[in-house]
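Participant: As input, take structure_23.tsv (TSV, C-alpha atoms):
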chain	number	residue	atom	x	y	z
K	3	MET	CA	0.00	0.00	0.00
K	4	ALA	CA	2.85	2.37	0.89
K	5	ALA	CA	4.56	1.58	-2.38
K	6	ARG	CA	1.39	2.43	-4.29
K	7	LEU	CA	0.92	5.76	-2.48
K	8	GLY	CA	4.55	6.82	-2.98
K	9	PRO	CA	4.33	7.92	-6.65
K	10	ARG	CA	1.04	9.68	-5.99
K	11	ARG	CA	2.59	11.68	-3.15
K	12	GLN	CA	5.49	12.56	-5.39
K	13	HIS	CA	3.09	14.00	-7.99
K	14	LEU	CA	1.16	16.11	-5.46
K	15	PRO	CA	3.70	19.00	-5.33
K	16	LEU	CA	3.82	19.09	-9.15
K	17	LEU	CA	0.04	19.22	-9.40
K	18	LYS	CA	-0.05	21.90	-6.72
K	19	ARG	CA	2.48	24.04	-8.58
K	20	ARG	CA	0.52	23.65	-11.81
K	21	GLY	CA	-2.68	24.64	-10.00
K	22	VAL	CA	-1.01	27.75	-8.57
K	23	LEU	CA	0.28	28.69	-12.04
K	24	LEU	CA	-3.13	28.23	-13.58
K	25	LEU	CA	-4.67	30.36	-10.84
K	26	LYS	CA	-2.14	33.15	-11.46
K	27	LEU	CA	-2.65	33.10	-15.22
K	28	THR	CA	-6.43	33.15	-14.83
K	29	ALA	CA	-6.31	36.02	-12.33
K	30	VAL	CA	-4.07	38.14	-14.57
K	31	THR	CA	-6.23	37.44	-17.64
K	32	LEU	CA	-9.49	38.31	-15.90
K	33	ALA	CA	-8.04	41.46	-14.33
K	34	VAL	CA	-6.76	42.73	-17.68
K	35	LEU	CA	-10.05	41.97	-19.43
K	36	LEU	CA	-12.02	43.72	-16.69
K	37	PHE	CA	-9.80	46.79	-16.92
K	38	CYS	CA	-9.56	47.06	-20.73
K	39	GLU	CA	-13.18	46.24	-21.56
K	40	PHE	CA	-15.03	47.91	-18.67
K	41	LEU	CA	-13.12	49.87	-16.02
K	42	VAL	CA	-11.02	51.99	-18.38
K	43	TYR	CA	-14.17	53.67	-19.73
K	44	TYR	CA	-15.28	54.69	-16.23
K	45	LEU	CA	-11.81	55.90	-15.25
K	46	VAL	CA	-11.47	58.10	-18.34
K	47	ILE	CA	-15.01	59.49	-18.68
K	48	PHE	CA	-15.24	60.11	-14.92
K	49	ARG	CA	-12.78	62.99	-15.42
K	50	CYS	CA	-15.26	64.83	-17.69
K	51	ASN	CA	-17.45	67.57	-16.20
K	52	TRP	CA	-20.27	69.63	-17.61
K	53	PRO	CA	-19.16	73.18	-18.46
K	54	GLU	CA	-20.57	76.05	-16.45
K	55	VAL	CA	-22.86	78.49	-18.24
K	56	LYS	CA	-22.33	82.18	-17.62
K	57	PRO	CA	-25.23	83.42	-15.47
K	58	PRO	CA	-27.52	86.04	-17.03
K	59	THR	CA	-27.35	89.67	-16.00
K	60	ASP	CA	-30.26	91.93	-15.18
K	61	SER	CA	-30.85	95.51	-16.38
K	62	ASP	CA	-28.70	96.88	-13.55
K	63	GLY	CA	-25.72	94.73	-14.49
K	64	GLY	CA	-26.20	92.36	-11.58
K	65	GLN	CA	-26.78	88.63	-11.69
K	66	GLY	CA	-30.21	87.78	-13.01
K	67	THR	CA	-32.49	84.81	-12.44
K	68	PRO	CA	-30.75	81.53	-13.36
K	69	GLU	CA	-32.13	79.90	-16.50
K	70	PRO	CA	-32.82	76.18	-16.86
K	71	VAL	CA	-29.77	74.40	-18.32
K	72	LEU	CA	-30.04	71.65	-20.91
K	73	ARG	CA	-27.23	69.09	-20.85
K	74	ALA	CA	-26.55	67.69	-24.31
K	75	MET	CA	-24.03	65.22	-25.73
K	76	PHE	CA	-22.88	65.76	-29.32
K	77	LEU	CA	-21.13	62.88	-31.08
K	78	ALA	CA	-20.47	62.15	-34.72
K	79	ASP	CA	-19.24	59.66	-37.29
K	80	THR	CA	-19.94	56.39	-35.51
K	81	HIS	CA	-19.66	54.57	-38.87
K	82	LEU	CA	-21.22	51.26	-37.92
K	83	LEU	CA	-19.66	48.80	-40.34
K	84	GLY	CA	-21.90	47.05	-42.84
K	85	ALA	CA	-22.04	43.70	-44.59
K	86	LEU	CA	-19.69	44.57	-47.46
K	87	ARG	CA	-16.65	46.21	-45.89
K	88	GLY	CA	-17.07	45.20	-42.26
K	89	HIS	CA	-14.73	42.45	-41.05
K	90	TRP	CA	-16.28	40.61	-38.10
K	91	LEU	CA	-13.31	41.30	-35.80
K	92	ASP	CA	-13.31	44.99	-36.72
K	93	LYS	CA	-17.05	45.14	-36.03
K	94	LEU	CA	-16.68	43.39	-32.69
K	95	ARG	CA	-13.84	45.59	-31.46
K	96	ARG	CA	-15.09	49.00	-32.62
K	97	GLU	CA	-18.74	48.46	-31.82
K	98	TRP	CA	-17.98	47.19	-28.33
K	99	GLN	CA	-15.81	50.28	-27.78
K	100	MET	CA	-18.62	52.64	-28.83
K	101	GLU	CA	-21.26	50.75	-26.87
K	102	ARG	CA	-19.23	50.79	-23.65
K	103	ALA	CA	-18.30	54.46	-24.14
K	104	PHE	CA	-21.90	55.56	-24.78
K	105	GLN	CA	-23.42	53.51	-21.97
K	106	THR	CA	-20.74	54.65	-19.51
K	107	ALA	CA	-21.28	58.30	-20.50
K	108	LEU	CA	-25.03	57.95	-19.98
K	109	TRP	CA	-24.49	56.47	-16.52
K	110	LEU	CA	-21.82	58.89	-15.32
K	111	LEU	CA	-22.83	62.16	-17.00
K	112	GLN	CA	-26.64	61.84	-17.08
K	113	PRO	CA	-27.29	63.88	-20.26
K	114	GLU	CA	-30.81	64.85	-21.20
K	115	VAL	CA	-30.32	64.57	-24.95
K	116	ALA	CA	-27.72	63.04	-27.27
K	117	PHE	CA	-27.19	64.13	-30.87
K	118	ILE	CA	-25.37	62.08	-33.53
K	119	LEU	CA	-24.22	64.46	-36.26
K	120	GLY	CA	-24.09	62.31	-39.36
K	121	ASP	CA	-22.49	59.12	-40.71
K	122	VAL	CA	-24.27	56.92	-38.22
K	123	PHE	CA	-23.68	53.99	-40.58
K	124	ASP	CA	-20.75	53.28	-42.86
K	125	GLU	CA	-22.61	51.62	-45.74
K	126	GLY	CA	-26.07	53.16	-45.56
K	127	LYS	CA	-25.61	54.73	-48.97
K	128	TRP	CA	-25.51	51.33	-50.70
K	129	SER	CA	-26.73	48.72	-48.19
K	130	SER	CA	-29.51	46.31	-49.14
K	131	PRO	CA	-32.80	46.29	-47.19
K	132	GLN	CA	-31.68	43.27	-45.16
K	133	ALA	CA	-28.23	44.72	-44.47
K	134	TRP	CA	-29.85	48.02	-43.45
K	135	ALA	CA	-32.19	46.22	-41.05
K	136	ASP	CA	-29.23	44.38	-39.49
K	137	ASP	CA	-27.28	47.61	-39.08
K	138	VAL	CA	-30.25	49.36	-37.47
K	139	ALA	CA	-30.74	46.49	-35.02
K	140	ARG	CA	-27.10	46.69	-33.96
K	141	PHE	CA	-27.32	50.46	-33.61
K	142	ARG	CA	-30.37	50.23	-31.35
K	143	ARG	CA	-28.60	47.70	-29.14
K	144	MET	CA	-25.40	49.75	-28.86
K	145	PHE	CA	-27.03	53.15	-28.34
K	146	ARG	CA	-29.93	52.04	-26.16
K	147	HIS	CA	-31.01	54.71	-23.69
K	148	PRO	CA	-33.63	55.25	-20.98
K	149	PRO	CA	-36.94	56.86	-21.97
K	150	HIS	CA	-36.10	60.19	-20.32
K	151	VAL	CA	-33.05	60.63	-22.58
K	152	GLN	CA	-33.71	61.89	-26.11
K	153	LEU	CA	-31.60	60.58	-29.00
K	154	ARG	CA	-31.56	62.59	-32.23
K	155	ALA	CA	-29.56	62.05	-35.40
K	156	VAL	CA	-28.99	63.84	-38.69
K	157	ALA	CA	-28.04	62.09	-41.91
K	158	GLY	CA	-24.51	62.07	-43.28
K	159	ASN	CA	-23.12	61.20	-46.69
K	160	HIS	CA	-22.47	57.59	-45.59
K	161	ASP	CA	-26.12	57.31	-44.53
K	162	ILE	CA	-27.88	58.63	-47.65
K	163	SER	CA	-25.00	59.41	-50.11
K	164	PHE	CA	-23.71	62.74	-51.35
K	165	HIS	CA	-25.94	65.15	-53.24
K	166	TYR	CA	-25.44	63.56	-56.66
K	167	GLU	CA	-26.31	60.02	-55.42
K	168	MET	CA	-28.94	60.53	-52.72
K	169	ASN	CA	-32.58	59.83	-53.45
K	170	THR	CA	-35.93	59.94	-51.70
K	171	TYR	CA	-35.82	56.23	-50.86
K	172	LYS	CA	-32.57	56.55	-48.87
K	173	ILE	CA	-33.78	59.68	-47.07
K	174	LYS	CA	-37.14	58.16	-46.11
K	175	ARG	CA	-35.40	54.95	-44.97
K	176	PHE	CA	-33.19	56.97	-42.64
K	177	GLU	CA	-36.10	59.06	-41.36
K	178	ARG	CA	-38.12	55.93	-40.53
K	179	VAL	CA	-35.42	55.01	-38.02
K	180	PHE	CA	-34.70	58.50	-36.69
K	181	ASN	CA	-37.21	61.24	-35.96
K	182	PRO	CA	-37.70	63.21	-39.20
K	183	GLU	CA	-38.60	66.47	-37.44
K	184	ARG	CA	-36.33	69.29	-38.52
K	185	LEU	CA	-37.14	71.44	-35.48
K	186	PHE	CA	-36.52	70.09	-32.00
K	187	SER	CA	-37.20	72.35	-29.01
K	188	TRP	CA	-36.50	71.72	-25.33
K	189	LYS	CA	-36.20	74.06	-22.35
K	190	GLY	CA	-36.65	77.06	-24.62
K	191	ILE	CA	-33.76	76.04	-26.92
K	192	ASN	CA	-34.42	75.42	-30.62
K	193	PHE	CA	-32.35	72.88	-32.55
K	194	VAL	CA	-32.70	72.84	-36.33
K	195	MET	CA	-31.63	69.51	-37.88
K	196	VAL	CA	-30.26	70.13	-41.37
K	197	ASN	CA	-29.59	67.69	-44.21
K	198	SER	CA	-26.49	69.42	-45.57
K	199	MET	CA	-26.31	67.15	-48.64
K	200	ALA	CA	-29.53	68.78	-49.86
K	201	LEU	CA	-28.14	72.32	-49.68
K	202	GLU	CA	-26.29	72.20	-52.99
K	203	GLY	CA	-28.39	75.10	-54.29
K	204	ASP	CA	-28.83	73.63	-57.77
K	205	GLY	CA	-32.63	73.50	-57.66
K	206	CYS	CA	-32.90	69.70	-57.54
K	207	THR	CA	-36.20	68.30	-56.28
K	208	ILE	CA	-34.79	67.16	-52.94
K	209	CYS	CA	-32.84	70.41	-52.51
K	210	SER	CA	-35.89	72.55	-53.23
K	211	GLY	CA	-37.96	70.58	-50.74
K	212	GLU	CA	-35.30	70.90	-48.05
K	213	GLU	CA	-34.95	74.64	-48.57
K	214	ALA	CA	-38.72	75.12	-48.49
K	215	GLU	CA	-38.96	73.18	-45.23
K	216	LEU	CA	-36.17	75.21	-43.64
K	217	LEU	CA	-37.78	78.47	-44.81
K	218	GLU	CA	-41.07	77.41	-43.23
K	219	ILE	CA	-39.24	76.69	-39.94
K	220	SER	CA	-37.59	80.12	-40.09
K	221	HIS	CA	-41.02	81.72	-40.40
K	222	ARG	CA	-42.24	79.77	-37.37
K	223	LEU	CA	-39.25	81.04	-35.43
K	224	ASN	CA	-39.78	84.61	-36.70
K	225	CYS	CA	-36.29	84.69	-38.17
K	226	SER	CA	-34.75	86.81	-40.86
K	227	ARG	CA	-35.68	86.15	-44.52
K	228	GLU	CA	-32.06	86.49	-45.83
K	229	LEU	CA	-30.88	83.45	-47.69
K	230	LEU	CA	-27.80	82.49	-45.57
K	231	TRP	CA	-28.99	83.81	-42.21
K	232	TRP	CA	-32.54	82.50	-42.04
K	233	PHE	CA	-32.12	81.25	-38.50
K	234	ARG	CA	-29.53	83.61	-37.04
K	235	PRO	CA	-28.03	80.68	-35.07
K	236	ARG	CA	-25.93	81.17	-31.98
K	237	LEU	CA	-24.00	77.97	-32.64
K	238	VAL	CA	-23.53	75.45	-35.46
K	239	LEU	CA	-22.39	71.89	-34.75
K	240	SER	CA	-21.40	69.48	-37.51
K	241	GLY	CA	-19.60	66.21	-38.17
K	242	HIS	CA	-17.92	64.56	-41.19
K	243	THR	CA	-14.32	65.73	-40.60
K	244	HIS	CA	-13.58	63.16	-37.83
K	245	SER	CA	-11.63	65.92	-36.08
K	246	ALA	CA	-12.42	68.84	-33.81
K	247	CYS	CA	-12.10	72.23	-35.45
K	248	GLU	CA	-13.76	75.62	-35.20
K	249	VAL	CA	-14.84	78.06	-37.91
K	250	LEU	CA	-16.23	81.52	-37.29
K	251	HIS	CA	-18.94	82.56	-39.77
K	252	GLY	CA	-19.25	86.28	-40.09
K	253	ALA	CA	-18.46	88.03	-36.84
K	254	SER	CA	-20.33	85.94	-34.31
K	255	VAL	CA	-21.58	82.53	-35.48
K	256	LEU	CA	-19.26	79.74	-34.34
K	257	GLU	CA	-19.26	76.35	-36.08
K	258	VAL	CA	-17.74	73.43	-34.16
K	259	SER	CA	-16.87	70.20	-35.95
K	260	VAL	CA	-17.38	67.25	-33.60
K	261	PRO	CA	-14.69	64.51	-33.61
K	262	SER	CA	-15.42	60.90	-34.47
K	263	PHE	CA	-16.71	58.66	-31.68
K	264	SER	CA	-15.04	55.52	-33.04
K	265	TRP	CA	-11.59	53.96	-32.72
K	266	ARG	CA	-11.86	53.14	-36.41
K	267	ASN	CA	-11.40	56.81	-37.28
K	268	ARG	CA	-9.28	58.10	-34.38
K	269	ASN	CA	-6.91	56.71	-31.78
K	270	ASN	CA	-8.34	59.24	-29.30
K	271	PRO	CA	-12.07	59.59	-30.01
K	272	SER	CA	-14.14	62.10	-28.08
K	273	PHE	CA	-17.45	63.91	-27.97
K	274	ILE	CA	-18.71	67.37	-27.08
K	275	MET	CA	-20.57	68.15	-23.87
K	276	GLY	CA	-22.81	71.18	-24.05
K	277	SER	CA	-24.58	73.13	-21.31
K	278	LEU	CA	-27.20	75.29	-23.02
K	279	THR	CA	-29.77	77.88	-21.98
K	280	PRO	CA	-32.05	80.05	-24.14
K	281	THR	CA	-29.41	82.81	-24.10
K	282	GLU	CA	-26.02	81.20	-23.39
K	283	TYR	CA	-24.04	78.05	-24.05
K	284	ALA	CA	-20.78	76.46	-22.91
K	285	LEU	CA	-18.95	73.55	-24.56
K	286	THR	CA	-16.18	71.19	-23.54
K	287	LYS	CA	-14.62	68.08	-25.01
K	288	CYS	CA	-14.75	64.70	-23.29
K	289	TYR	CA	-12.11	62.21	-24.39
K	290	LEU	CA	-12.64	58.47	-24.56
K	291	PRO	CA	-9.93	55.86	-23.84
K	292	CYS	CA	-7.13	55.81	-26.42
K	293	GLU	CA	-6.93	52.62	-28.42
K	294	ASP	CA	-3.16	52.36	-28.10
K	295	THR	CA	-3.46	52.49	-24.29
K	296	VAL	CA	-5.67	49.41	-24.38
K	297	LEU	CA	-3.41	47.62	-26.87
K	298	ILE	CA	-0.29	48.37	-24.80
K	299	THR	CA	-2.03	47.06	-21.70
K	300	TYR	CA	-2.84	43.81	-23.50
K	301	CYS	CA	0.77	43.50	-24.72
K	302	VAL	CA	2.13	43.99	-21.20
K	303	ALA	CA	-0.34	41.41	-19.92
K	304	VAL	CA	0.74	38.86	-22.53
K	305	GLY	CA	4.37	39.47	-21.58
K	306	THR	CA	3.51	38.94	-17.92
K	307	LEU	CA	1.76	35.66	-18.68
K	308	VAL	CA	4.74	34.42	-20.69
K	309	LEU	CA	7.12	35.43	-17.90
K	310	LEU	CA	5.09	33.59	-15.27
K	311	THR	CA	4.99	30.48	-17.43
K	312	LEU	CA	8.75	30.53	-18.07
K	313	LEU	CA	9.45	30.96	-14.37
K	314	HIS	CA	7.21	28.02	-13.57
K	315	VAL	CA	8.86	25.59	-15.99
K	316	GLY	CA	12.33	26.73	-14.94
K	317	LEU	CA	13.40	28.19	-18.27
K	318	LEU	CA	13.93	31.58	-16.65
K	319	THR	CA	15.60	32.07	-13.30
K	320	SER	CA	13.64	34.11	-10.82
K	321	PRO	CA	15.26	37.55	-10.31
K	322	LEU	CA	15.08	37.06	-6.56
K	323	ARG	CA	16.69	33.66	-6.75
K	324	PHE	CA	19.35	34.97	-9.10
K	325	GLY	CA	20.11	37.82	-6.71
K	326	TRP	CA	20.27	35.49	-3.71
K	327	ASN	CA	22.66	33.13	-5.48
K	328	LEU	CA	24.84	36.04	-6.55
K	329	LEU	CA	24.94	37.33	-2.99
K	330	ARG	CA	25.93	33.90	-1.63
K	331	LYS	CA	28.64	33.58	-4.23
K	332	PHE	CA	30.00	37.02	-3.26
K	333	LYS	CA	30.05	36.07	0.44
K	334	THR	CA	31.91	32.80	-0.16
K	335	THR	CA	34.62	34.59	-2.09
Take the structure in the file and write it out as structure tokens.

Facilitator:
Amino acid sequence: MAARLGPRRQHLPLLKRRGVLLLKLTAVTLAVLLFCEFLVYYLVIFRCNWPEVKPPTDSDGGQGTPEPVLRAMFLADTHLLGALRGHWLDKLRREWQMERAFQTALWLLQPEVAFILGDVFDEGKWSSPQAWADDVARFRRMFRHPPHVQLRAVAGNHDISFHYEMNTYKIKRFERVFNPERLFSWKGINFVMVNSMALEGDGCTICSGEEAELLEISHRLNCSRELLWWFRPRLVLSGHTHSACEVLHGASVLEVSVPSFSWRNRNNPSFIMGSLTPTEYALTKCYLPCEDTVLITYCVAVGTLVLLTLLHVGLLTSPLRFGWNLLRKFKTT
């Protein structure tokens, strides 16, 4: 009996060491996955704060009655990949990044409305009805939101094509998914949603219809009848460039181009946070995790796993053991 138990007892330390190694590898893997796929979004977006709006002044120059503030997120160029150009791994990685970023921002920042300023989809301009339905289903899963949060979107060239390729079918298909109203008002603030592809000014049927609709909105808002300054906007926000830039129109109308929200277009995606009142506004940029930070973290983790494995099988001497042996050798000499 003792002879039979001997080999088993000899294997127990080996099995124990293997179990400890497996536990270490599993712990490192789970910790890295938890950080890179969940925690990093909270750590980065937690640093973002809503900008403060300048308080109004009364007729005597003092501080007036505070106005209600609308908190709005502005993001752009999500470019959900389609069936033709979208590799499954690219879809998985980029769409998970945008989903986690959007859901984390909703939870931490508590916006009242979110705007997507064009190019919601990457292949909307040529996708089949089935491919379009699949893309819309994925979008609704990724950008789900509670009922008290409004989500509005305007069409981009990747959604309905540029002026020379767009048609009524593509526009109506987009508007069936997103609210087609051109005028959106909340807390005394008017947002005019513009299809810029239809502002070519060449008198095409779609262009004429868009201009007529915008003119009718300008009348409802009692705006000027001049061609370029129908609405006399305080602020213009747009997408398409994938980068943040500012252009001043005339002497007072600022246009802000909103950066892309996706890793596919930028290593450091971001979005704009806006605090708006009927008379004032304040904007700030909120950065999302950088893609290279996540990739470097994964590379370091892989190196750590390899190091632990080599130490376990004895192919790499432990630094502590090497130092101890060196110290003993120095003492004996």

Participant: Pick from K:Pro235, K:Pro53, K:Gly205, K:Pro58: nearest to Thr286 of chain K, with all atoms listed in the file counted?

Facilitator: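 Smallest separation from Thr286 of chain K among the options: K:Pro53.
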
Participant: Please provide as a PyMOL selection string all residues within 9 Å of Glu39 of chain K, with the sequence filter that same-chain residues fewer than 3 positions apart are discarded (counting all atoms listed in the file).

Facilitator: chain K and resi 34-36+42-43+98-99+102+296

Participant: Please write the residues from the selection above to a file, keeping C-alpha atoms, as a JSON list (two decimals), in the coordinates of the input.

Facilitator:
[["chain", "number", "residue", "atom", "x", "y", "z"],
["K", 34, "VAL", "CA", -6.76, 42.73, -17.68],
["K", 35, "LEU", "CA", -10.05, 41.97, -19.43],
["K", 36, "LEU", "CA", -12.02, 43.72, -16.69],
["K", 42, "VAL", "CA", -11.02, 51.99, -18.38],
["K", 43, "TYR", "CA", -14.17, 53.67, -19.73],
["K", 98, "TRP", "CA", -17.98, 47.19, -28.33],
["K", 99, "GLN", "CA", -15.81, 50.28, -27.78],
["K", 102, "ARG", "CA", -19.23, 50.79, -23.65],
["K", 296, "VAL", "CA", -5.67, 49.41, -24.38]]

Participant: Atom CA of Ser220 of chain K to atom CA of Ser198 of chain K: how many Å, to one decimal?

Facilitator: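 Result for atom CA of Ser220 of chain K versus atom CA of Ser198 of chain K: 16.4 Å, one decimal.
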
Participant: Counting only C-alpha atoms, figure out which residue out of K:Thr170, K:Ser129, K:Ser240, K:Gln105 gets nearest to Arg146 of chain K.

Facilitator: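 Selected residue with least distance to Arg146 of chain K: K:Gln105.
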
Participant: For Ala107 of chain K, please output as a PyMOL selection string all residues within 10 Å (counting all atoms listed in the file; exclusion window: fewer than 2 positions along the same chain).

Facilitator: chain K and resi 43-44+47-48+50+75+101-105+109-113+288+290

Participant: Select all residues near (-27.2, 67.7, -19.5) (cut-off 9 Å, inclusive, file coordinates), counting all atoms listed in the file, and output them as a VMD selection string.

Facilitator: chain K and resid 52 71 to 75 111 to 115 275 to 278

Participant: Could the residues in this selection be written to a file with C-alpha atoms, as a PDB file, keeping the file's coordinate frame?

Facilitator:
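Wrote it out as result.pdb, contents follow:
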ATOM      1  CA  TRP K  52     -20.270  69.630 -17.610  1.00  0.00           C
ATOM      2  CA  VAL K  71     -29.770  74.400 -18.320  1.00  0.00           C
ATOM      3  CA  LEU K  72     -30.040  71.650 -20.910  1.00  0.00           C
ATOM      4  CA  ARG K  73     -27.230  69.090 -20.850  1.00  0.00           C
ATOM      5  CA  ALA K  74     -26.550  67.690 -24.310  1.00  0.00           C
ATOM      6  CA  MET K  75     -24.030  65.220 -25.730  1.00  0.00           C
ATOM      7  CA  LEU K 111     -22.830  62.160 -17.000  1.00  0.00           C
ATOM      8  CA  GLN K 112     -26.640  61.840 -17.080  1.00  0.00           C
ATOM      9  CA  PRO K 113     -27.290  63.880 -20.260  1.00  0.00           C
ATOM     10  CA  GLU K 114     -30.810  64.850 -21.200  1.00  0.00           C
ATOM     11  CA  VAL K 115     -30.320  64.570 -24.950  1.00  0.00           C
ATOM     12  CA  MET K 275     -20.570  68.150 -23.870  1.00  0.00           C
ATOM     13  CA  GLY K 276     -22.810  71.180 -24.050  1.00  0.00           C
ATOM     14  CA  SER K 277     -24.580  73.130 -21.310  1.00  0.00           C
ATOM     15  CA  LEU K 278     -27.200  75.290 -23.020  1.00  0.00           C
TER      16      LEU K 278
END

Participant: What's the separation between atom CA of Phe123 of chain K and atom CA of Phe141 of chain K, in Å to one decimal place?

Facilitator: 8.6 Å

Participant: How would you write as a PyMOL selection string the residues that get within 12 Å of (-39.3, 78.1, -38.7) in the file's frame, counting all atoms listed in the file?

Facilitator: chain K and resi 183-187+192-195+213-227+232-234

Participant: For Ser130 of chain K, work out the shell of residues within 12 Å, counting all atoms listed in the file and skipping chain neighbours fewer than 6 positions away, then give it as a list in words.

Facilitator: Gly84, Ala85, Leu86, Asp136, Asp137, Tyr171, Lys172 and Arg175 of chain K

Participant: Determine, counting only C-alpha atoms, which protein, DNA and RNA residues have an atom within 9 Å of an atom of segment 23-32 of chain K; residues of the same chain fewer than 3 positions away are not included. Present the result as JSON, numbers by chain.

Facilitator: {"K": [18, 19, 20, 35, 36, 37, 303, 304, 306, 307, 310, 311, 314]}

Participant: Figure out the distance between atom CA of Gly66 of chain K and atom CA of Thr281 of chain K, please, to one decimal in Å.

Facilitator: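 So the two atoms, atom CA of Thr281 of chain K and atom CA of Gly66 of chain K, lie 12.2 Å apart.
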
Participant: Write out as number ranges by chain each polymer residue whose atoms come within 6 Å of Ser259 of chain K, counting all atoms listed in the file; drop sequence neighbours fewer than 4 positions from it.

Facilitator: K: 239-241, 246-247
